[in-house]
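Have a look at the structure below before the remarks.
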Amino acid sequence: MYPQSIVRWIRWCLTVLCTLGGLTHLTAQNAKALKSYDPYLIVLGTAQDAGAPQIGCQKSCCTKRFSDPTLKKQVTSLGIVDPVTGQTFLLEATPDIILQNRELQQEIKTNAPLPNGILLTHAHIGHYSGLQFLGKEATNATKIPVYVMPKMQRFLEENGPWSQLVAEENIRLVPMTAEVAVQLTPQLKITPHLVPHRDEFSETVAYTVEGPNTSVLFIPDIDKWERWSTHINAKVSEVDIAFLDATFYNAEEINNRDISQIPHPFVIETMKRFEDASDSEKNKIHFIHLNHTNPLLDPNSDASNYVISNGFRIARKSMKIPL
């Protein structure tokens, strides 16, 4: 048997090598994005709706983040940039929209203070509550396009304080239809797909974002894969990159709630579904929307190392994907 110090050193080396291997593809794409006028996607947050640390959490996963603000993880959001038209778009209006919008606008280096559009997936707090900062108490925006499905549109129109944003024309609701592509710019289009989820106030959608060269699937929230009429393996095969719901790594991390009431697909379940897939298919998958208890939030955890060593990827803030 090797001494524990050597074992830890070997494990650290493997983690670093796996991480670098997992980022090689993205690094090459980053270089391409910087050298061209192709549109691109940027990861602005990777955490579950309530962020990390989470309010009231006394677990070790949060205590270290409370004591060190640099370890804070922002709520899941993607930004889209089109350098040709100078336009930007936000996927999700999260509680962290203030900083996420700033990071997105700095990408395009224009004087525009706000994005050219916001696309929502559903009416759970981490996905739409950032709209409040477009109202008169904050930026008092003017007709920011907010792309919505029918139930989401009614929810915003008929319930305060969101209805005030509509009445005051801080936002302009843009209706969408499932499986019908929306042309955002001449280079970019996005298609909503209905997915099963906890739909108390609105339907829930995933998105496929398509640019001139690359297509990206974004599913931040969904119930177990078998509840979706679309087979996830087939859906991933249709795109180049897939950001998939990874709220929980496994059932063990949730010991104070009924896990059946929050039936997200566990990371280990998704990996099992793709265990016979090719390396190129596994490499497409980027796990995102991580609960504060999820060990994948820590890039140095054994779980992160295991996921990467099995050919999958983990979304990290500021990653860029050329489209």
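Ordering of the structure tokens sets the chain letters (A, B, ...); residue numbers start at 1 within each chain; ligands are numbered from 1 in the order shown.
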
With only C-alpha atoms as the counted atoms, please give the residues lying no more than 9 Å from Leu90 in chain A, apart from itself and same-chain residues fewer than 2 positions off, as a tab-separated table (two decimals) with N, CA and C atoms, in the first residue's frame.
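The result, stored in part_38.tsv:
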chain	number	residue	atom	x	y	z
A	77	SER	N	-27.57	30.47	-15.77
A	77	SER	CA	-27.96	31.35	-16.86
A	77	SER	C	-26.93	31.24	-17.97
A	78	LEU	N	-27.39	31.39	-19.20
A	78	LEU	CA	-26.50	31.45	-20.35
A	78	LEU	C	-26.69	32.79	-21.05
A	79	GLY	N	-25.61	33.32	-21.59
A	79	GLY	CA	-25.68	34.52	-22.40
A	79	GLY	C	-25.35	34.19	-23.84
A	80	ILE	N	-25.95	34.91	-24.76
A	80	ILE	CA	-25.67	34.74	-26.19
A	80	ILE	C	-25.20	36.07	-26.75
A	88	THR	N	-27.06	41.08	-27.67
A	88	THR	CA	-26.90	40.07	-26.62
A	88	THR	C	-28.26	39.60	-26.14
A	92	GLU	N	-32.70	33.00	-19.20
A	92	GLU	CA	-33.12	33.07	-17.80
A	92	GLU	C	-32.87	34.46	-17.22
A	93	ALA	N	-33.82	34.89	-16.37
A	93	ALA	CA	-33.69	36.13	-15.60
A	93	ALA	C	-33.57	35.71	-14.14
A	100	GLN	N	-24.82	39.21	-13.82
A	100	GLN	CA	-24.80	38.44	-15.07
A	100	GLN	C	-25.00	39.34	-16.28
A	101	ASN	N	-25.92	40.30	-16.17
A	101	ASN	CA	-26.12	41.25	-17.26
A	101	ASN	C	-24.86	42.08	-17.51
A	104	LEU	N	-22.34	40.01	-19.35
A	104	LEU	CA	-22.75	39.82	-20.74
A	104	LEU	C	-22.52	41.08	-21.56
A	115	PRO	N	-29.68	43.65	-22.19
A	115	PRO	CA	-29.69	42.74	-23.35
A	115	PRO	C	-30.80	43.09	-24.33
A	116	ASN	N	-30.67	42.55	-25.53
A	116	ASN	CA	-31.69	42.77	-26.56
A	116	ASN	C	-32.87	41.83	-26.42
A	117	GLY	N	-32.77	40.92	-25.50
A	117	GLY	CA	-33.89	40.02	-25.25
A	117	GLY	C	-33.57	39.06	-24.12
A	118	ILE	N	-34.62	38.59	-23.46
A	118	ILE	CA	-34.49	37.60	-22.38
A	118	ILE	C	-35.43	36.45	-22.70
A	119	LEU	N	-34.90	35.23	-22.62
A	119	LEU	CA	-35.70	34.04	-22.90
A	119	LEU	C	-35.88	33.25	-21.62
A	120	LEU	N	-37.14	32.99	-21.26
A	120	LEU	CA	-37.45	32.31	-20.01
A	120	LEU	C	-37.82	30.85	-20.26

- Message: If we count only C-alpha atoms and set the cut-off at 6 Å, which residues sit around Thr94 in chain A, ignoring sequence neighbours fewer than 3 positions away in its own chain? Please answer as JSON, numbers by chain.
- Response: {"A": [97, 126, 127, 128, 129, 130]}

Please produce a file of the residues just selected, as a short mmCIF file (atom, residue, chain, number, x, y, z; two decimals), in the first residue's frame, where the atoms kept are N, CA and C atoms.
data_model
loop_
_atom_site.label_atom_id
_atom_site.label_comp_id
_atom_site.auth_asym_id
_atom_site.auth_seq_id
_atom_site.Cartn_x
_atom_site.Cartn_y
_atom_site.Cartn_z
N ILE A 97 -29.17 38.47 -11.85
CA ILE A 97 -29.19 39.13 -13.16
C ILE A 97 -28.36 40.40 -13.19
N GLY A 126 -35.61 30.90 -9.67
CA GLY A 126 -34.30 31.12 -10.24
C GLY A 126 -34.29 31.42 -11.72
N HIS A 127 -35.46 31.38 -12.34
CA HIS A 127 -35.51 31.46 -13.79
C HIS A 127 -36.22 32.71 -14.32
N TYR A 128 -36.96 33.40 -13.46
CA TYR A 128 -37.66 34.59 -13.94
C TYR A 128 -37.66 35.76 -12.96
N SER A 129 -37.32 35.51 -11.68
CA SER A 129 -37.48 36.56 -10.67
C SER A 129 -36.55 37.76 -10.89
N GLY A 130 -35.52 37.59 -11.69
CA GLY A 130 -34.65 38.72 -12.01
C GLY A 130 -35.33 39.81 -12.81
#

Cut-off 6 Å: closest range 168-189 of chain A/range 137-158 of chain A atom pairs per residue, using only C-alpha atoms, as a tab-separated table:
residue	atom	partner	partner_atom	distance
A:Glu169	CA	A:Lys143	CA	5.2
A:Asn170	CA	A:Thr142	CA	4.5
A:Ile171	CA	A:Lys143	CA	4.3
A:Arg172	CA	A:Pro145	CA	4.8
A:Leu173	CA	A:Val146	CA	4.9
A:Val174	CA	A:Tyr147	CA	4.6
A:Pro175	CA	A:Val148	CA	5.2
A:Met176	CA	A:Met149	CA	5.1

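Secondary structure by DSSP on the backbone puts the following residues of range 31-150 of chain A in strand (DSSP E): Tyr40, Leu41, Ile42, Val43, Leu44, Gly45, Ser77, Leu78, Gly79, Ile80, Val81, Asp82, Gln87, Thr88, Phe89, Leu90, Leu91, Gly117, Ile118, Leu119, Ile144, Pro145, Val146, Tyr147 and Val148 of chain A.
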
- Task: Could you give me, as a PyMOL selection string, the residues within 10 Å of Thr85 in chain A, counting only C-alpha atoms and dropping anything in the same chain fewer than 5 positions from it?
- Result: chain A and resi 37+39+108+185-187

- Between CA of Arg273 in chain A and CA of Val216 in chain A, measure the distance and give it in Å to one decimal.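 A separation of 19.5 Å between them.
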
- Query: Restricting the calculation to only C-alpha atoms, which member of A:Thr204, A:Gln48, A:Ser280, A:Gln54 is positioned closest to Val239 in chain A?
  - Reply: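 Closest to Val239 in chain A, using only C-alpha atoms: A:Ser280.
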
- Task: Return as a PyMOL selection string the full set of residues in range 250-319 of chain A whose backbone-based DSSP assignment is alpha helix (DSSP H).
- Result: chain A and resi 267-273+279-284+302-309

- Counting only C-alpha atoms, figure out which residue out of A:Leu296, A:Ala315, A:Val43, A:Ile262 gets nearest to Lys224 in chain A.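 Using only C-alpha atoms, the shortest distance to Lys224 in chain A belongs to A:Ile262.
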
- Task: Grab the CA of Thr208 in chain A to CA of His193 in chain A distance for me, in Å with one decimal place.
- Result: 7.9 Å

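Excluding Asn213 in chain A itself and same-chain residues fewer than 4 positions from it, the residues having an atom within 9 Å of it are Asp38, Pro322 and Leu323 of chain A, counting only C-alpha atoms.
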
Selection from above, C-alpha atoms, as an mmCIF file, in the first residue's frame, can you write it?
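Produced file out-v9.cif, reproduced below:
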data_model
loop_
_atom_site.group_PDB
_atom_site.id
_atom_site.type_symbol
_atom_site.label_atom_id
_atom_site.label_comp_id
_atom_site.auth_asym_id
_atom_site.auth_seq_id
_atom_site.Cartn_x
_atom_site.Cartn_y
_atom_site.Cartn_z
ATOM 1 C CA ASP A 38 -19.161 34.063 -35.088
ATOM 2 C CA PRO A 322 -18.815 29.429 -30.370
ATOM 3 C CA LEU A 323 -22.066 29.065 -32.273
#
